[in-house]
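Enquirer: Below you'll find entry_33.cif; it's mmCIF, C-alpha atoms.
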data_query
#
loop_
_atom_site.label_atom_id
_atom_site.label_comp_id
_atom_site.auth_asym_id
_atom_site.auth_seq_id
_atom_site.Cartn_x
_atom_site.Cartn_y
_atom_site.Cartn_z
CA MET A 243 -9.44 -16.26 26.64
CA THR A 244 -6.49 -14.02 25.82
CA THR A 245 -7.01 -12.03 22.65
CA VAL A 246 -5.11 -13.18 19.56
CA GLY A 247 -4.53 -11.15 16.45
CA ILE A 248 -2.11 -9.16 14.33
CA ASP A 249 0.55 -7.53 16.49
CA ALA A 250 2.41 -5.80 13.66
CA VAL A 251 2.56 -5.64 9.87
CA GLU A 252 5.17 -4.76 7.26
CA ILE A 253 4.92 -4.21 3.52
CA TRP A 254 7.48 -4.66 0.74
CA THR A 255 6.57 -3.51 -2.75
CA GLY A 256 8.26 -4.50 -5.99
CA LYS A 257 10.84 -1.83 -6.81
CA LEU A 258 9.61 -1.01 -10.32
CA LYS A 259 6.59 1.06 -11.33
CA LEU A 260 4.43 1.01 -14.46
CA ASP A 261 2.37 4.19 -14.76
CA LEU A 262 -0.95 3.11 -16.27
CA PRO A 263 -2.40 6.41 -17.57
CA GLU A 264 0.92 7.93 -18.70
CA THR A 265 2.84 4.88 -19.98
CA PHE A 266 0.60 1.84 -20.45
CA ALA A 267 -2.52 3.51 -21.88
CA PRO A 268 -0.77 5.37 -24.74
CA ALA A 269 1.12 2.23 -25.77
CA GLN A 270 -2.15 0.28 -25.83
CA GLY A 271 -4.02 3.04 -27.64
CA ASP A 272 -6.45 3.35 -24.72
CA ASP A 273 -8.10 6.24 -22.96
CA PRO A 274 -6.25 6.66 -19.61
CA GLU A 275 -9.60 6.77 -17.81
CA LYS A 276 -10.13 3.14 -18.76
CA TYR A 277 -7.62 2.42 -15.99
CA THR A 278 -8.00 5.35 -13.58
CA LYS A 279 -11.81 5.52 -13.62
CA GLY A 280 -12.78 2.04 -14.80
CA LEU A 281 -10.35 -0.18 -12.92
CA GLY A 282 -9.53 2.47 -10.32
CA LEU A 283 -5.76 2.01 -10.75
CA GLU A 284 -2.96 4.53 -11.19
CA ALA A 285 0.11 2.27 -11.31
CA SER A 286 1.41 -1.27 -10.95
CA SER A 287 4.41 -2.48 -8.95
CA PHE A 288 6.82 -4.96 -10.53
CA PRO A 289 9.78 -6.89 -9.16
CA ASP A 290 13.21 -5.96 -10.43
CA THR A 291 15.18 -8.74 -12.06
CA TYR A 292 16.79 -9.78 -8.74
CA GLU A 293 13.44 -9.83 -6.91
CA ASP A 294 10.89 -12.63 -6.57
CA ILE A 295 8.34 -13.90 -4.07
CA VAL A 296 11.08 -15.12 -1.71
CA THR A 297 13.06 -11.87 -1.64
CA MET A 298 9.94 -9.74 -1.20
CA GLY A 299 8.59 -11.98 1.56
CA ALA A 300 11.94 -12.23 3.35
CA ASN A 301 12.53 -8.47 3.11
CA ALA A 302 9.11 -7.72 4.59
CA ALA A 303 9.73 -10.28 7.35
CA LYS A 304 13.18 -8.90 8.18
CA ARG A 305 11.84 -5.36 8.38
CA LEU A 306 9.13 -6.63 10.75
CA MET A 307 11.53 -8.60 12.95
CA ASP A 308 14.02 -5.72 13.14
CA ARG A 309 11.33 -3.24 14.14
CA LYS A 310 9.92 -5.55 16.81
CA GLY A 311 13.35 -6.61 18.10
CA LEU A 312 12.71 -10.29 17.40
CA ALA A 313 15.16 -13.18 17.16
CA PRO A 314 14.46 -16.55 15.49
CA ASP A 315 13.70 -18.13 18.88
CA ASP A 316 10.74 -15.73 19.27
CA VAL A 317 9.01 -17.17 16.19
CA GLY A 318 7.51 -20.66 16.36
CA ARG A 319 5.70 -20.76 13.04
CA ILE A 320 6.32 -19.39 9.54
CA ASP A 321 3.50 -19.68 7.03
CA VAL A 322 3.73 -18.32 3.49
CA ALA A 323 0.64 -17.81 1.36
CA THR A 324 1.20 -17.47 -2.36
CA GLU A 325 -0.24 -18.39 -5.70
CA SER A 326 3.10 -17.69 -7.42
CA ALA A 327 5.04 -20.67 -6.03
CA PHE A 328 7.81 -22.12 -8.21
CA ASP A 329 8.15 -25.53 -6.56
CA ASN A 330 5.51 -28.22 -6.09
CA SER A 331 7.30 -29.75 -3.09
CA LYS A 332 9.60 -27.37 -1.22
CA PRO A 333 7.56 -24.56 0.43
CA VAL A 334 8.48 -20.91 0.03
CA SER A 335 8.60 -20.61 3.83
CA THR A 336 11.79 -22.71 3.93
CA TYR A 337 13.48 -20.35 1.49
CA VAL A 338 12.35 -17.36 3.56
CA ALA A 339 13.67 -18.94 6.77
CA GLY A 340 16.97 -19.67 5.03
CA CYS A 341 17.25 -16.02 4.03
CA LEU A 342 16.54 -14.79 7.55
CA GLU A 343 19.07 -17.19 9.06
CA GLN A 344 21.77 -15.40 7.06
CA VAL A 345 21.30 -12.22 9.10
CA TYR A 346 20.18 -13.33 12.60
CA ASP A 347 21.89 -15.26 15.33
CA GLY A 348 20.23 -18.62 15.79
CA ASP A 349 17.94 -20.51 13.43
CA PHE A 350 14.35 -21.50 12.76
CA HIS A 351 14.87 -25.25 13.02
CA HIS A 352 12.29 -25.35 15.83
CA ALA A 353 9.65 -23.50 13.79
CA ASN A 354 6.75 -25.13 11.98
CA LYS A 355 6.81 -24.01 8.33
CA GLY A 356 4.23 -24.35 5.62
CA GLU A 357 2.77 -22.97 2.42
CA ARG A 358 -0.91 -22.17 1.89
CA LYS A 359 -2.64 -22.28 -1.49
CA PHE A 360 -6.17 -21.20 -2.25
CA ALA A 361 -5.72 -18.35 -4.70
CA CYS A 362 -5.96 -14.94 -3.03
CA ILE A 363 -7.72 -16.10 0.15
CA SER A 364 -4.78 -18.19 1.33
CA GLY A 365 -3.21 -15.22 3.14
CA THR A 366 -6.28 -15.05 5.37
CA GLN A 367 -6.32 -18.84 5.73
CA ALA A 368 -2.71 -18.72 6.95
CA LEU A 369 -3.76 -15.99 9.38
CA ASP A 370 -6.53 -18.29 10.62
CA ASP A 371 -4.08 -21.17 11.02
CA ALA A 372 -1.76 -19.02 13.13
CA TYR A 373 -4.70 -17.80 15.24
CA ASN A 374 -5.85 -21.37 15.88
CA TRP A 375 -2.31 -22.53 16.74
CA ILE A 376 -1.95 -19.82 19.37
CA ALA A 377 -5.51 -20.12 20.70
CA ALA A 378 -4.99 -23.87 21.15
CA GLY A 379 -1.99 -23.16 23.38
CA ARG A 380 0.49 -24.93 21.13
CA ASN A 381 2.77 -21.94 20.53
CA ARG A 382 4.90 -22.16 23.73
CA ASP A 383 4.91 -18.36 24.09
CA ARG A 384 6.15 -17.90 20.53
CA ALA A 385 4.58 -15.76 17.84
CA ALA A 386 3.70 -16.76 14.28
CA LEU A 387 4.96 -15.10 11.13
CA VAL A 388 2.45 -15.02 8.26
CA ILE A 389 3.69 -13.80 4.88
CA ALA A 390 1.54 -13.17 1.81
CA THR A 391 3.79 -12.75 -1.23
CA ASP A 392 2.99 -12.80 -4.93
CA THR A 393 4.02 -11.67 -8.37
CA ALA A 394 0.72 -11.24 -10.17
CA LEU A 395 1.75 -11.34 -13.81
CA TYR A 396 -0.63 -11.87 -16.73
CA ALA A 397 0.11 -12.78 -20.32
CA ARG A 398 0.84 -9.78 -22.53
CA ASP A 399 -2.28 -8.24 -24.11
CA SER A 400 -4.58 -10.24 -21.82
CA SER A 401 -7.61 -8.70 -20.10
CA GLY A 402 -5.91 -8.75 -16.69
CA GLU A 403 -2.60 -7.20 -17.76
CA ALA A 404 -3.37 -3.73 -16.37
CA THR A 405 -4.15 -5.15 -12.91
CA GLN A 406 -0.70 -6.71 -12.43
CA GLY A 407 1.29 -6.14 -9.26
CA ALA A 408 3.99 -7.56 -7.01
CA GLY A 409 4.78 -7.32 -3.32
CA ALA A 410 4.59 -8.92 0.09
CA VAL A 411 2.82 -8.34 3.39
CA ALA A 412 4.34 -9.81 6.56
CA MET A 413 2.19 -10.10 9.69
CA LEU A 414 3.20 -11.03 13.24
CA ILE A 415 0.44 -13.00 14.97
CA ASP A 416 0.54 -13.09 18.75
CA GLU A 417 -1.38 -12.84 22.00
CA ASP A 418 -2.39 -9.38 23.24
CA PRO A 419 -1.76 -7.83 19.80
CA ASN A 420 -0.99 -4.17 19.22
CA LEU A 421 -2.85 -3.81 15.92
CA VAL A 422 -6.09 -5.83 15.69
CA ALA A 423 -7.68 -8.72 17.58
CA LEU A 424 -9.44 -11.34 15.45
CA SER A 425 -13.01 -12.39 16.11
CA HIS A 426 -13.94 -15.98 16.94
CA GLU A 427 -16.76 -15.89 14.40
CA GLN A 428 -16.22 -16.40 10.68
CA GLY A 429 -18.52 -16.70 7.73
CA TYR A 430 -17.78 -18.72 4.60
CA GLY A 431 -19.07 -19.03 1.05
CA SER A 432 -17.42 -21.70 -1.07
CA ALA A 433 -18.08 -23.56 -4.32
CA ASP A 434 -16.24 -25.50 -7.02
CA GLU A 435 -15.66 -22.79 -9.65
CA THR A 436 -13.32 -22.25 -12.61
CA ASP A 437 -13.31 -18.46 -12.76
CA PHE A 438 -9.52 -18.12 -12.49
CA LEU A 439 -6.93 -20.88 -12.49
CA LYS A 440 -3.38 -21.85 -13.46
CA PRO A 441 -3.33 -25.51 -14.54
CA GLN A 442 0.44 -26.12 -14.65
CA GLN A 443 1.06 -22.69 -16.14
CA GLN A 444 2.51 -19.39 -14.96
CA PHE A 445 -0.08 -17.00 -16.35
CA PRO A 446 -3.70 -17.42 -15.27
CA SER A 447 -6.64 -18.43 -17.39
CA VAL A 448 -9.41 -16.00 -16.52
CA ASP A 449 -13.10 -15.75 -17.31
CA GLY A 450 -13.46 -12.09 -16.34
CA LYS A 451 -17.24 -11.83 -16.34
CA ARG A 452 -17.64 -15.13 -14.52
CA SER A 453 -14.96 -14.17 -12.01
CA MET A 454 -16.88 -11.04 -11.07
CA GLN A 455 -20.09 -13.02 -10.63
CA VAL A 456 -18.40 -15.69 -8.51
CA TYR A 457 -16.63 -13.10 -6.35
CA LEU A 458 -19.92 -11.39 -5.53
CA ALA A 459 -21.84 -14.66 -5.03
CA ARG A 460 -19.30 -16.10 -2.60
CA MET A 461 -19.08 -12.78 -0.72
CA ARG A 462 -22.85 -12.77 -0.31
CA GLU A 463 -22.81 -16.34 1.00
CA ALA A 464 -19.99 -15.58 3.43
CA LEU A 465 -21.80 -12.51 4.73
CA GLU A 466 -25.01 -14.49 5.22
CA ASP A 467 -23.05 -17.18 7.07
CA TYR A 468 -21.37 -14.56 9.27
CA GLU A 469 -24.70 -12.86 10.01
CA SER A 470 -26.15 -16.19 11.13
CA GLN A 471 -23.78 -15.86 14.10
CA VAL A 472 -23.43 -12.09 14.54
CA PRO A 473 -26.15 -9.57 13.61
CA THR A 474 -24.68 -6.70 11.59
CA HIS A 475 -25.54 -3.08 10.85
CA PRO A 476 -23.82 -0.70 8.38
CA ASP A 477 -22.80 1.59 11.25
CA ASP A 478 -21.05 -1.23 13.14
CA PHE A 479 -17.79 -0.96 11.20
CA ALA A 480 -15.16 1.74 10.93
CA TYR A 481 -13.88 0.24 7.68
CA VAL A 482 -14.64 -2.77 5.47
CA PRO A 483 -11.45 -3.99 3.74
CA PHE A 484 -12.21 -6.23 0.77
CA HIS A 485 -9.95 -8.40 -1.32
CA THR A 486 -8.98 -5.91 -4.02
CA PRO A 487 -7.94 -7.33 -7.40
CA PHE A 488 -8.71 -3.79 -8.59
CA PRO A 489 -10.75 -1.04 -6.91
CA GLY A 490 -13.48 -1.22 -9.53
CA MET A 491 -14.44 -4.68 -8.29
CA VAL A 492 -14.65 -3.40 -4.72
CA ARG A 493 -17.16 -0.76 -5.83
CA LYS A 494 -19.51 -3.60 -6.77
CA ALA A 495 -18.76 -5.62 -3.63
CA GLY A 496 -19.29 -2.58 -1.39
CA LEU A 497 -22.73 -1.94 -2.86
CA LEU A 498 -23.71 -5.60 -2.52
CA GLY A 499 -22.53 -5.75 1.09
CA TYR A 500 -24.28 -2.50 2.04
CA ARG A 501 -27.55 -3.59 0.47
CA HIS A 502 -27.37 -6.88 2.30
CA ILE A 503 -26.64 -5.57 5.80
CA LEU A 504 -29.08 -2.68 5.29
CA ARG A 505 -31.97 -5.13 5.21
CA ASN A 506 -34.27 -5.11 8.27
CA THR A 507 -32.47 -2.18 9.88
CA ASP A 508 -33.51 1.35 10.72
CA LEU A 509 -31.44 2.53 7.77
CA GLU A 510 -33.58 0.55 5.32
CA ASP A 511 -36.58 2.39 6.73
CA ALA A 512 -34.72 5.68 6.39
CA VAL A 513 -34.10 5.25 2.65
CA ALA A 514 -37.53 3.72 1.95
CA ASP A 515 -39.15 7.11 1.39
CA GLU A 516 -36.60 7.78 -1.34
CA ILE A 517 -36.25 4.43 -3.15
CA GLY A 518 -38.66 2.06 -1.38
CA ARG A 519 -37.89 -1.04 0.66
CA GLN A 520 -35.77 -3.86 -0.68
CA PRO A 521 -37.61 -6.49 -2.69
CA ARG A 522 -38.22 -9.77 -0.83
CA GLN A 523 -37.98 -12.99 -2.76
CA GLU A 524 -41.24 -14.33 -1.38
CA SER A 525 -43.06 -11.53 -3.18
CA PHE A 526 -42.01 -12.83 -6.61
CA GLU A 527 -43.14 -15.85 -8.55
CA ASP A 528 -39.73 -16.64 -10.02
CA ARG A 529 -36.07 -15.99 -9.27
CA GLU A 530 -35.46 -14.01 -12.48
CA ALA A 531 -38.09 -11.40 -11.62
CA TYR A 532 -36.72 -11.08 -8.10
CA GLU A 533 -33.14 -10.60 -9.34
CA GLU A 534 -34.28 -7.91 -11.79
CA ALA A 535 -36.04 -6.09 -8.94
CA ILE A 536 -32.97 -6.38 -6.71
CA GLN A 537 -30.76 -4.96 -9.46
CA ALA A 538 -33.10 -2.03 -9.94
CA TYR A 539 -33.09 -1.41 -6.18
CA MET A 540 -29.29 -1.49 -6.06
CA ASP A 541 -29.08 0.96 -8.96
CA ASP A 542 -31.29 3.33 -6.98
CA LEU A 543 -29.42 2.69 -3.72
CA LYS A 544 -26.08 3.52 -5.36
CA GLY A 545 -27.37 7.01 -6.12
CA THR A 546 -28.47 7.88 -2.60
CA ASP A 547 -26.48 10.32 -0.47
CA ARG A 548 -26.60 7.87 2.43
CA TYR A 549 -24.86 5.12 0.48
CA ARG A 550 -22.29 7.43 -1.12
CA GLU A 551 -21.37 8.87 2.27
CA TRP A 552 -21.03 5.38 3.76
CA TYR A 553 -18.87 4.21 0.84
CA ASP A 554 -16.63 7.27 0.97
CA ALA A 555 -16.08 6.84 4.72
CA THR A 556 -15.94 3.04 5.00
CA ILE A 557 -14.64 1.61 1.71
CA GLU A 558 -12.74 4.31 -0.18
CA PRO A 559 -9.94 4.62 2.45
CA THR A 560 -9.14 0.91 2.02
CA LEU A 561 -8.08 1.42 -1.61
CA SER A 562 -5.30 4.01 -1.40
CA ILE A 563 -2.31 1.65 -1.56
CA SER A 564 -3.87 -0.74 -4.07
CA ARG A 565 -4.44 2.12 -6.53
CA GLN A 566 -0.66 2.56 -6.67
CA VAL A 567 0.51 -1.07 -6.76
CA GLY A 568 -2.13 -3.23 -8.47
CA ASN A 569 -3.18 -6.71 -7.46
CA TRP A 570 -1.00 -8.54 -4.93
CA TYR A 571 -3.19 -11.68 -4.88
CA THR A 572 -2.78 -13.13 -1.36
CA GLY A 573 -1.68 -9.79 0.08
CA SER A 574 -4.45 -7.64 -1.39
CA VAL A 575 -6.96 -7.74 1.46
CA HIS A 576 -4.13 -7.13 3.93
CA LEU A 577 -3.07 -4.08 1.94
CA ALA A 578 -6.68 -2.91 2.18
CA ARG A 579 -6.57 -3.17 5.98
CA ALA A 580 -3.28 -1.27 6.11
CA SER A 581 -4.65 1.41 3.75
CA ALA A 582 -7.65 2.03 5.98
CA LEU A 583 -5.64 2.27 9.19
CA LYS A 584 -3.03 4.44 7.47
CA THR A 585 -5.75 6.85 6.35
CA ALA A 586 -7.12 7.02 9.89
CA ALA A 587 -3.67 7.74 11.33
CA GLU A 588 -3.03 10.48 8.77
CA THR A 589 -6.37 12.17 9.45
CA GLY A 590 -6.13 11.92 13.23
CA ARG A 591 -9.07 9.58 13.62
CA GLY A 592 -9.24 7.65 16.89
CA LEU A 593 -10.00 3.99 16.22
CA THR A 594 -9.21 2.06 19.41
CA GLY A 595 -12.05 -0.35 20.15
CA GLU A 596 -13.71 0.11 16.78
CA THR A 597 -14.32 -2.77 14.37
CA LEU A 598 -13.20 -3.77 10.90
CA LEU A 599 -15.22 -6.22 8.80
CA VAL A 600 -12.63 -8.02 6.66
CA ALA A 601 -13.83 -9.67 3.45
CA SER A 602 -11.35 -12.07 1.84
CA TYR A 603 -11.76 -13.99 -1.41
CA GLY A 604 -9.93 -16.54 -3.50
CA SER A 605 -10.88 -17.82 -6.93
CA GLY A 606 -11.86 -21.42 -7.25
CA ALA A 607 -13.73 -20.20 -5.12
CA GLN A 608 -14.12 -19.15 -1.48
CA ALA A 609 -14.88 -16.03 0.53
CA GLU A 610 -14.42 -15.46 4.25
CA ILE A 611 -15.87 -12.73 6.45
CA HIS A 612 -14.56 -12.00 9.94
CA ALA A 613 -14.37 -9.02 12.28
CA GLU A 614 -11.29 -7.44 13.85
CA THR A 615 -11.21 -5.14 16.87
CA ILE A 616 -8.68 -2.31 16.61
CA GLN A 617 -6.24 -2.30 19.53
CA GLU A 618 -4.71 0.53 21.52
CA GLY A 619 -1.29 0.34 19.85
CA TRP A 620 -2.61 0.45 16.28
CA LYS A 621 -1.46 3.96 15.42
CA ALA A 622 2.19 3.47 16.38
CA GLU A 623 2.31 0.23 14.39
CA ILE A 624 0.84 1.83 11.27
CA GLU A 625 2.98 4.95 11.48
CA ALA A 626 6.07 2.71 11.48
CA LEU A 627 5.32 1.57 7.91
CA SER A 628 7.57 2.91 5.16
CA ILE A 629 5.25 2.22 2.23
CA ASP A 630 5.08 5.87 1.13
CA GLU A 631 8.87 6.05 0.87
CA GLN A 632 8.97 2.75 -1.01
CA LEU A 633 6.41 3.97 -3.52
CA ARG A 634 8.30 7.21 -4.09
CA ARG A 635 11.58 5.37 -4.70
CA ARG A 636 10.27 2.97 -7.35
CA TYR A 637 11.94 3.09 -10.75
CA ASP A 638 9.47 4.45 -13.33
CA LEU A 639 9.55 2.10 -16.32
CA SER A 640 9.19 3.12 -19.93
CA PHE A 641 6.92 0.84 -21.94
CA GLU A 642 9.91 -0.77 -23.65
CA GLU A 643 11.50 -1.45 -20.24
CA TYR A 644 8.22 -2.89 -19.03
CA GLU A 645 8.25 -5.32 -21.93
CA GLU A 646 11.80 -6.35 -21.01
CA VAL A 647 11.10 -6.96 -17.32
CA HIS A 648 7.88 -8.81 -18.11
CA ASP A 649 9.88 -11.15 -20.36
CA ALA A 650 12.54 -11.52 -17.66
CA HIS A 651 9.93 -12.89 -15.26
CA ASN A 652 8.27 -15.10 -17.87
CA HIS A 653 9.28 -18.67 -17.00
CA ASP A 654 8.87 -19.78 -20.62
CA LEU A 655 11.44 -17.29 -21.88
CA ASP A 656 15.17 -17.13 -21.32
CA ARG A 657 15.88 -13.42 -21.06
CA GLU A 658 18.91 -11.80 -19.47
CA VAL A 659 17.87 -8.29 -18.42
CA GLU A 660 20.02 -5.94 -16.40
CA GLU A 661 18.59 -4.74 -13.09
CA PHE A 662 16.97 -1.31 -13.05
CA THR A 663 17.76 -0.51 -9.41
CA GLN A 664 20.68 -1.11 -7.07
CA PRO A 665 19.91 -3.49 -4.18
CA SER A 666 20.90 -2.28 -0.73
CA GLY A 667 20.08 -3.74 2.66
CA GLU A 668 17.93 -6.52 1.21
CA PHE A 669 17.78 -10.12 0.08
CA VAL A 670 18.27 -10.82 -3.63
CA HIS A 671 17.98 -13.79 -5.94
CA ALA A 672 21.61 -14.71 -6.58
CA GLY A 673 21.46 -17.65 -8.98
CA TRP A 674 20.83 -21.38 -9.06
CA GLY A 675 22.07 -24.39 -7.11
CA ARG A 676 23.05 -27.90 -8.16
CA MET A 677 19.44 -29.18 -8.06
CA ASN A 678 18.07 -26.15 -9.90
CA GLU A 679 17.05 -24.57 -6.61
CA ARG A 680 17.06 -20.81 -6.21
CA LYS A 681 19.88 -19.28 -4.20
CA TYR A 682 19.62 -16.08 -2.18
CA GLU A 683 21.99 -13.71 -0.45
CA TYR A 684 21.79 -10.55 1.63
CA VAL A 685 23.23 -7.40 0.07
CA GLU A 686 24.42 -4.82 2.59
#
Starting from the file, lay out its structure as structure tokens.
Expert:
Amino acid sequence: MTTVGIDAVEIWTGKLKLDLPETFAPAQGDDPEKYTKGLGLEASSFPDTYEDIVTMGANAAKRLMDRKGLAPDDVGRIDVATESAFDNSKPVSTYVAGCLEQVYDGDFHHANKGERKFACISGTQALDDAYNWIAAGRNRDRAALVIATDTALYARDSSGEATQGAGAVAMLIDEDPNLVALSHEQGYGSADETDFLKPQQQFPSVDGKRSMQVYLARMREALEDYESQVPTHPDDFAYVPFHTPFPGMVRKAGLLGYRHILRNTDLEDAVADEIGRQPRQESFEDREAYEEAIQAYMDDLKGTDRYREWYDATIEPTLSISRQVGNWYTGSVHLARASALKTAAETGRGLTGETLLVASYGSGAQAEIHAETIQEGWKAEIEALSIDEQLRRRYDLSFEEYEEVHDAHNHDLDREVEEFTQPSGEFVHAGWGRMNERKYEYVE
């Protein structure tokens, strides 16, 4: 079968920046290292007052289409993944298509459009949908456009406030892709959980400790399910991009994943002289004693040179963009992939034919594990990204300005706040229509 995967990717970050150690920490009376060392974050991206999930998604999509020389007739499917939707009926993808039709000849009337919701994992689910649509031969030689776009705002003074972020990732899914080819095999871990949810409200209700536990439990289940189809080894993967609500959570997930795929390999034997072999559940009379032994083993494993070297080479490069922008919900794991490939391009590493193990997660809760094979054209695609320039050009908010823009995006408040940046060559939110729908226009 012809390979199917991600042909190209584009990123659009919110145009405002909140510096966590320099601006947020002093205002909160916190040690800056609470954010830089604890959470692993340097800054958050915010949307300006004329930005929202539609403008960010449409701007990322336009940048992608322009770079690839695409017209509407080349795209047969537009899927938007978001957990920041503002309408319970009309999908964000229709708004995005309407924006794009303002600037291209032709229209997307022929294209299938939809909106995916399952917290942060829905971006990967939309990617899976596009893969299946093409693999089934239903695409009529057209590509799919998958957009993950979110404004991850939390209530002021809540535990998640420092992890906020806003932006969009647009991906072109096609046959014979230039970037990565997706594996047929997938692993899943899913359960009915209430770790993070928004029951008819804008800001999430979060049980932070429970959310961490659920994230790790579902990741373990997904990895076990994936390994039931494909044996794995720590050295099999060039990088392991995880869903990244904040890098500190990925530190825990990386250790869990390494411990799991280390089992019954030559590497487990190699570290046995230093910390012993992993505990096996059958050696313990009860689950509690086994879990205590596993935790002690993981504490020892974390301190080994072998693990630290693996983490620094395989996980750390996936976090570079997220450290500067915060949590993008549905786009976070796709930022992690881009971060890893960007690091490889900058350091001159050859990756063609190597493998990524991509670990997605969404609260509520579900994890998915799949592999991606890096294609020959990956470097040119990654080097075409402008994310560094976008990050440099962000407006650096004072704390008082941050409070203003947070209120401006709070649906429960009616705040008129002047824009902080001047739009140019992009879609903007331009007001409201007769049925209270959002209106958009392109600013040259």
Enquirer: A:Pro263, A:Pro489, A:Pro446, A:Pro559: which is nearest Ala587 (chain A), counting only C-alpha atoms?
Expert: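 Residue with the minimum atom-to-atom distance to Ala587 (chain A): A:Pro559.
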Enquirer: Which residues would end up in the selection if the PyMOL selection byres ((chain A and resi 396-406) around 10) were applied here, given that I need the answer as a count of residues only?
Expert: 42
Enquirer: Using only C-alpha atoms, which residue out of A:Ser335, A:Gln608, A:Gln442, A:Thr486 lies closest to Ala459 (chain A)?
Expert: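 Checking each candidate against Ala459 (chain A), we get A:Gln608 as the closest.
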Enquirer: Taking only C-alpha atoms into account, name the residue in A:Ala555, A:Trp254, A:Ser574, A:Glu534 that is nearest to Thr324 (chain A).
Expert: A:Ser574
Enquirer: Rounded to one decimal in Å, what is the spacing between CA of Asp308 (chain A) and CA of Asn420 (chain A)?
Expert: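 For CA of Asp308 (chain A) relative to CA of Asn420 (chain A), the distance reads 16.3 Å.
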Enquirer: For the structure shown, which residues end up in the PyMOL selection byres ((chain A and resi 664-667) around 12)? Put them as a ChimeraX atom specification, please?
Expert: /A:256-258,289-293,297,300-302,304-305,345,635-637,660-663,668-672,683-686
Enquirer: Kindly export the residues of the current selection with C-alpha atoms, as a compact mmCIF listing (two decimals), keeping the file's coordinate frame.
Expert:
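What follows is the written file out23.txt:
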# COMPACT_ATOMS: atom_id res chain seq x y z
CA GLY A 256 8.26 -4.50 -5.99
CA LYS A 257 10.84 -1.83 -6.81
CA LEU A 258 9.61 -1.01 -10.32
CA PRO A 289 9.78 -6.89 -9.16
CA ASP A 290 13.21 -5.96 -10.43
CA THR A 291 15.18 -8.74 -12.06
CA TYR A 292 16.79 -9.78 -8.74
CA GLU A 293 13.44 -9.83 -6.91
CA THR A 297 13.06 -11.87 -1.64
CA ALA A 300 11.94 -12.23 3.35
CA ASN A 301 12.53 -8.47 3.11
CA ALA A 302 9.11 -7.72 4.59
CA LYS A 304 13.18 -8.90 8.18
CA ARG A 305 11.84 -5.36 8.38
CA VAL A 345 21.30 -12.22 9.10
CA ARG A 635 11.58 5.37 -4.70
CA ARG A 636 10.27 2.97 -7.35
CA TYR A 637 11.94 3.09 -10.75
CA GLU A 660 20.02 -5.94 -16.40
CA GLU A 661 18.59 -4.74 -13.09
CA PHE A 662 16.97 -1.31 -13.05
CA THR A 663 17.76 -0.51 -9.41
CA GLU A 668 17.93 -6.52 1.21
CA PHE A 669 17.78 -10.12 0.08
CA VAL A 670 18.27 -10.82 -3.63
CA HIS A 671 17.98 -13.79 -5.94
CA ALA A 672 21.61 -14.71 -6.58
CA GLU A 683 21.99 -13.71 -0.45
CA TYR A 684 21.79 -10.55 1.63
CA VAL A 685 23.23 -7.40 0.07
CA GLU A 686 24.42 -4.82 2.59
Enquirer: For this structure, which residues satisfy the selection - the PyMOL selection byres ((chain A and resi 520) around 10) - when it is evaluated on the file as given? I want them as JSON, numbers by chain.
Expert: {"A": [501, 502, 504, 505, 506, 510, 511, 513, 514, 517, 518, 519, 521, 522, 523, 535, 536, 538, 539, 540, 543]}
Enquirer: So which residues touch Leu577 (chain A) within 9 Å, counting all atoms listed in the file, skipping near sequence neighbours fewer than 6 positions away, as a list of chain:residue names?
Expert: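 In the requested format, the answer is A:Ile253, A:Val411, A:Pro483, A:His485, A:Thr486, A:Thr560, A:Leu561, A:Ile563, A:Ser564, A:Trp570.
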Enquirer: Can you write just those residues out, C-alpha atoms, as a PDB file, in the coordinates of the input?
Expert:
ATOM      1  CA  ILE A 253       4.920  -4.210   3.520  1.00  0.00           C
ATOM      2  CA  VAL A 411       2.820  -8.340   3.390  1.00  0.00           C
ATOM      3  CA  PRO A 483     -11.450  -3.990   3.740  1.00  0.00           C
ATOM      4  CA  HIS A 485      -9.950  -8.400  -1.320  1.00  0.00           C
ATOM      5  CA  THR A 486      -8.980  -5.910  -4.020  1.00  0.00           C
ATOM      6  CA  THR A 560      -9.140   0.910   2.020  1.00  0.00           C
ATOM      7  CA  LEU A 561      -8.080   1.420  -1.610  1.00  0.00           C
ATOM      8  CA  ILE A 563      -2.310   1.650  -1.560  1.00  0.00           C
ATOM      9  CA  SER A 564      -3.870  -0.740  -4.070  1.00  0.00           C
ATOM     10  CA  TRP A 570      -1.000  -8.540  -4.930  1.00  0.00           C
TER      11      TRP A 570
END
Enquirer: Hey, which of A:Glu618, A:Asp370, A:Asp541, A:Glu679 ends up closest to Tyr337 (chain A)? Count all atoms listed in the file.
Expert: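 Nearest to Tyr337 (chain A): A:Glu679.
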Enquirer: Give the answer as one residue: which of A:Cys341, A:Ala609, A:Ala269, A:Ile248 has the shortest atom-to-atom distance to Ser364 (chain A), using all atoms listed in the file?
Expert: A:Ala609
Enquirer: Give as number ranges by chain the set of residues within 8 Å of the point (-17.7, -21.2, -7.4), where distances use the file's coordinates and all atoms listed in the file.
Expert: A: 432-437, 456, 460, 605-608
Enquirer: What lies within 10 Å of Arg462 (chain A) using all atoms listed in the file, ignoring chain neighbours under 6 positions off, as a list in words?
Expert: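 So, after excluding close chain neighbours, the residues are Gly429, Tyr430, Gly431, Val456, Tyr468, Ala495, Leu498, Gly499, His502, Ala609, Glu610 and Ile611 of chain A.
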Enquirer: CA of Arg319 (chain A) and CA of Ala412 (chain A) are how many Å apart?
Expert: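 These two atoms are separated by 12.8 Å.
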